[in-house]
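Structure record follows, encoded as structure tokens.
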Amino acid sequence: MKRIISTLFLAACCLLATVLTSAAQQTTKKGSLEKEATALLKKQILTEAAWAMKQAPITITTSSSPRSAGGKHDFFSEADYFWPDPQNPDGPYINRDGMTNPDNFVAHRKAMIRFSKIIGALASAYKVTGDEKYVQQAVKHFQAWFINSATLMNPNLLFAQAVKGRFTGRNYGIIDTIHLMEVAQGALVMQKAKAFDPETAKGVKKWFSDYTLWLNTSKPGIQEKTVKNNHATCWAMQVASFAKLCGDESMLDSLRNSYKAILLPNQMGNDGRFPLEMARTKPYGYSIFNLDAMTMLCQILSTPKDNLWNFETADGKSIKKGLTYLYPFIADKSKWTLAPDVMYWENWPVAQPFLLFGAVQFNQGNWYATWAKLDHQPQVEEVIRNLPIRNPLIWL
């Protein structure tokens, strides 16, 4: 009996040692890929930060449109795919799905993207170097956008993606503030720096808390939350980012449940594709966009006790299945089986966040290698608009 117990004890010890060794190896591999990514991006980060150090704040109050039903401090944009009606040029705009109207008002969106680029660059440089000069510069922009009464933006999106003659604003416009995610994450990365004064930090968190409340209680916010495609994913992705900055644990728990019970099971097919995105006129770009957003939900929301990376529905849907499905078409776009996107087909893919975060999480060297060789500094406005995560190091 003693011999049997001894044998079982030794076997258990060996199994435990194997598990611990495997976990240690996985941690080492993750750390190795993160180091490789840092080394690859460092020069770009410092170059972009040097640019950001020279930029004065420009908020939405510096431009306006006579078509906006809002005031000076209200974000305004117009729906991308709506155009003048050739049969009624002065009447309500009509929809042309996937075709972007270059004459629509996008100045506020551009200002927000610029803000995101500045904070993303400064936060990345601070993370890489520890130099608080980057935080000092970021504080100026935080104050202008969220605190200064003359230049701040109101924490709502009542007038986003308006349509001339039809809507003064639509719930679909909420997707425009995906570009505030790296602003929130930048604040999170820099918040412990001495240069980030407590009053500014408090003001930034209050703004994001107020906006999160609006996203969860307003009619447009509730509508956007319940859309069946990438809009709901992006609603959740934004709220996750903002709630994490504000330390809103109940909201984060709610989003984890939503990912597991609604977003993943309702949007993903059994093979890993997103059918509603595949049915659009830009199926390739939308599939990439939605997978990026799903991946960011896993990156932001996962905890040791509730790891969304490893979550799988009863019928086998998981983020890994989504990554595995789309990856071959990213590595070799010629394998894509559907018709090319009606616009910007030649501009995708770029260095998609799902490749890096998926590679780090699942130790996939080929995913990392593909991410490393793709474009990390896209210049096409449509690509930038649909790539809110451009500074991956601040998320790792």
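Residues in the structure tokens are named by chain (A, B, ... in the order shown) and by number from 1 within that chain; ligands are numbered from 1 in the order shown.
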- Query: Which polymer residues have any atom within 12 Å of an atom of Leu213 of chain A, counting only C-alpha atoms, with same-chain residues fewer than 4 positions away left out, as an NGL selection string?
  - Reply: :A and (155-156 or 206-209 or 217-219 or 221-222 or 239 or 242-243 or 246 or 248 or 251)
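Residues surrounding Gln55 of chain A within 12 Å are Glu48, Ala49, Ala50, Arg114, Phe115, Lys117, Ile118, Ile119, Ala121, Leu122, Tyr134, Gln137, Ala138, Lys140 and His141 of chain A [only C-alpha atoms; sequence separation below 5 positions excluded].
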Export of the given selection (C-alpha atoms) as a short mmCIF file (atom, residue, chain, number, x, y, z; two decimals), in the first residue's frame:
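Below is the file that was written, again_25.cif:
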```cif
data_model
loop_
_atom_site.label_atom_id
_atom_site.label_comp_id
_atom_site.auth_asym_id
_atom_site.auth_seq_id
_atom_site.Cartn_x
_atom_site.Cartn_y
_atom_site.Cartn_z
CA GLU A 48 5.55 59.63 -33.70
CA ALA A 49 6.01 60.87 -30.14
CA ALA A 50 8.45 63.56 -31.34
CA ARG A 114 -5.68 63.22 -34.45
CA PHE A 115 -6.27 63.35 -30.68
CA LYS A 117 -2.88 59.50 -32.53
CA ILE A 118 -1.29 62.08 -30.23
CA ILE A 119 -2.24 60.36 -26.98
CA ALA A 121 2.03 58.06 -29.42
CA LEU A 122 2.76 59.86 -26.14
CA TYR A 134 5.34 62.79 -22.76
CA GLN A 137 2.26 67.06 -23.21
CA ALA A 138 -0.65 64.62 -23.02
CA LYS A 140 -2.60 69.62 -22.26
CA HIS A 141 -4.71 67.63 -24.72
#
```
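Atom CA of Ala240 of chain A is found 6.7 Å from atom CA of Ile300 of chain A.
Note that the spacing between atom CA of Val383 of chain A and atom CA of Asn347 of chain A amounts to 7.2 Å.
Using only C-alpha atoms, the protein and nucleic acid residues lying no more than 10 Å from Ile175 of chain A, apart from those fewer than 4 places from it along its own chain, are Leu157, Ala160, Gln161, Asn171, His179, Glu224, Asn230, His231, Ala232, Thr233, Cys234, Trp235, Met237, Gln238, Arg385 and Asn386 of chain A.
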As an mmCIF file with N, CA and C atoms, in the first residue's frame, please: the residues near segment 272-279 of chain A (cut-off 9 Å, only C-alpha atoms, same-chain neighbours under 5 positions excluded).
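Ended up saving to around.cif:
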```
data_model
loop_
_atom_site.group_PDB
_atom_site.id
_atom_site.type_symbol
_atom_site.label_atom_id
_atom_site.label_comp_id
_atom_site.auth_asym_id
_atom_site.auth_seq_id
_atom_site.Cartn_x
_atom_site.Cartn_y
_atom_site.Cartn_z
ATOM 1 N N LYS A 228 -27.115 43.964 -34.458
ATOM 2 C CA LYS A 228 -26.688 42.566 -34.577
ATOM 3 C C LYS A 228 -25.282 42.378 -35.133
ATOM 4 N N ASN A 229 -24.665 43.444 -35.681
ATOM 5 C CA ASN A 229 -23.362 43.248 -36.339
ATOM 6 C C ASN A 229 -22.240 43.985 -35.615
ATOM 7 N N ASN A 230 -21.231 44.428 -36.384
ATOM 8 C CA ASN A 230 -20.027 45.040 -35.797
ATOM 9 C C ASN A 230 -20.316 46.270 -34.937
ATOM 10 N N GLN A 267 -23.024 36.393 -33.452
ATOM 11 C CA GLN A 267 -22.371 36.966 -34.623
ATOM 12 C C GLN A 267 -21.476 35.983 -35.370
ATOM 13 N N TYR A 284 -14.584 41.670 -46.853
ATOM 14 C CA TYR A 284 -13.218 41.439 -46.375
ATOM 15 C C TYR A 284 -12.867 42.456 -45.285
ATOM 16 N N GLY A 285 -13.068 43.728 -45.578
ATOM 17 C CA GLY A 285 -12.751 44.782 -44.618
ATOM 18 C C GLY A 285 -13.593 44.690 -43.355
ATOM 19 N N TYR A 286 -14.882 44.377 -43.518
ATOM 20 C CA TYR A 286 -15.755 44.278 -42.350
ATOM 21 C C TYR A 286 -15.435 43.054 -41.499
ATOM 22 N N SER A 287 -15.041 41.962 -42.120
ATOM 23 C CA SER A 287 -14.646 40.772 -41.357
ATOM 24 C C SER A 287 -13.408 41.065 -40.508
ATOM 25 N N ASN A 290 -14.452 43.521 -37.581
ATOM 26 C CA ASN A 290 -15.190 42.907 -36.483
ATOM 27 C C ASN A 290 -14.319 41.947 -35.684
ATOM 28 N N LEU A 291 -13.400 41.266 -36.350
ATOM 29 C CA LEU A 291 -12.498 40.362 -35.626
ATOM 30 C C LEU A 291 -11.539 41.164 -34.747
ATOM 31 N N LYS A 317 -17.979 27.782 -30.732
ATOM 32 C CA LYS A 317 -17.517 29.085 -31.218
ATOM 33 C C LYS A 317 -16.541 29.696 -30.211
ATOM 34 N N SER A 318 -15.479 30.296 -30.704
ATOM 35 C CA SER A 318 -14.471 30.900 -29.832
ATOM 36 C C SER A 318 -13.695 31.939 -30.619
ATOM 37 N N ILE A 319 -12.989 32.804 -29.904
ATOM 38 C CA ILE A 319 -12.180 33.805 -30.594
ATOM 39 C C ILE A 319 -11.058 33.131 -31.375
ATOM 40 N N LYS A 320 -10.522 32.028 -30.860
ATOM 41 C CA LYS A 320 -9.462 31.328 -31.574
ATOM 42 C C LYS A 320 -9.971 30.768 -32.895
ATOM 43 N N LYS A 321 -11.226 30.309 -32.905
ATOM 44 C CA LYS A 321 -11.801 29.802 -34.155
ATOM 45 C C LYS A 321 -11.937 30.931 -35.169
ATOM 46 N N GLY A 322 -12.324 32.120 -34.696
ATOM 47 C CA GLY A 322 -12.418 33.271 -35.592
ATOM 48 C C GLY A 322 -11.072 33.663 -36.168
ATOM 49 N N LEU A 323 -10.045 33.657 -35.324
ATOM 50 C CA LEU A 323 -8.692 33.981 -35.779
ATOM 51 C C LEU A 323 -8.193 32.941 -36.775
ATOM 52 N N THR A 324 -8.428 31.694 -36.468
ATOM 53 C CA THR A 324 -7.967 30.602 -37.335
ATOM 54 C C THR A 324 -8.668 30.635 -38.684
ATOM 55 N N TYR A 325 -9.951 31.016 -38.686
ATOM 56 C CA TYR A 325 -10.693 31.100 -39.950
ATOM 57 C C TYR A 325 -10.149 32.205 -40.851
ATOM 58 N N LEU A 326 -9.944 33.392 -40.283
ATOM 59 C CA LEU A 326 -9.602 34.547 -41.128
ATOM 60 C C LEU A 326 -8.119 34.608 -41.473
ATOM 61 N N LEU A 338 -14.822 35.326 -51.748
ATOM 62 C CA LEU A 338 -15.910 36.204 -52.164
ATOM 63 C C LEU A 338 -15.395 37.278 -53.118
#
```
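With only C-alpha atoms as the atoms that count, the minimum distance from Asp315 of chain A to the choices A:Asp90, A:Glu382, A:Glu34, A:Asp271 is reached by A:Asp271.
Inside segment 45-238 of chain A, the residues DSSP reads as strand (DSSP E or B) when given the backbone are Phe76, Ser77, Glu78, Phe82, Trp83, Asp85, Asn88, Ile94, Asn95, Phe159, Ala160, Gln161, Ala162, Val163 and Phe167 of chain A.
Remark: for Gln223 of chain A, the closest of the candidate residues A:Gly173, A:Pro57, A:Gly203, A:Gly269 is A:Gly173 (distances computed over only C-alpha atoms).
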- Message: So that I can check the surroundings of Met296 of chain A, please list as JSON, numbers by chain every protein, DNA and RNA residue that reaches within 12 Å of it, counting only C-alpha atoms and ignoring chain neighbours fewer than 6 positions away.
- Response: {"A": [178, 181, 182, 233, 234, 235, 236, 237, 238, 239, 240, 241, 259, 289, 290, 302, 308, 309, 319, 352, 353, 354, 355, 356, 357, 358, 387, 388, 389, 392, 395, 396]}
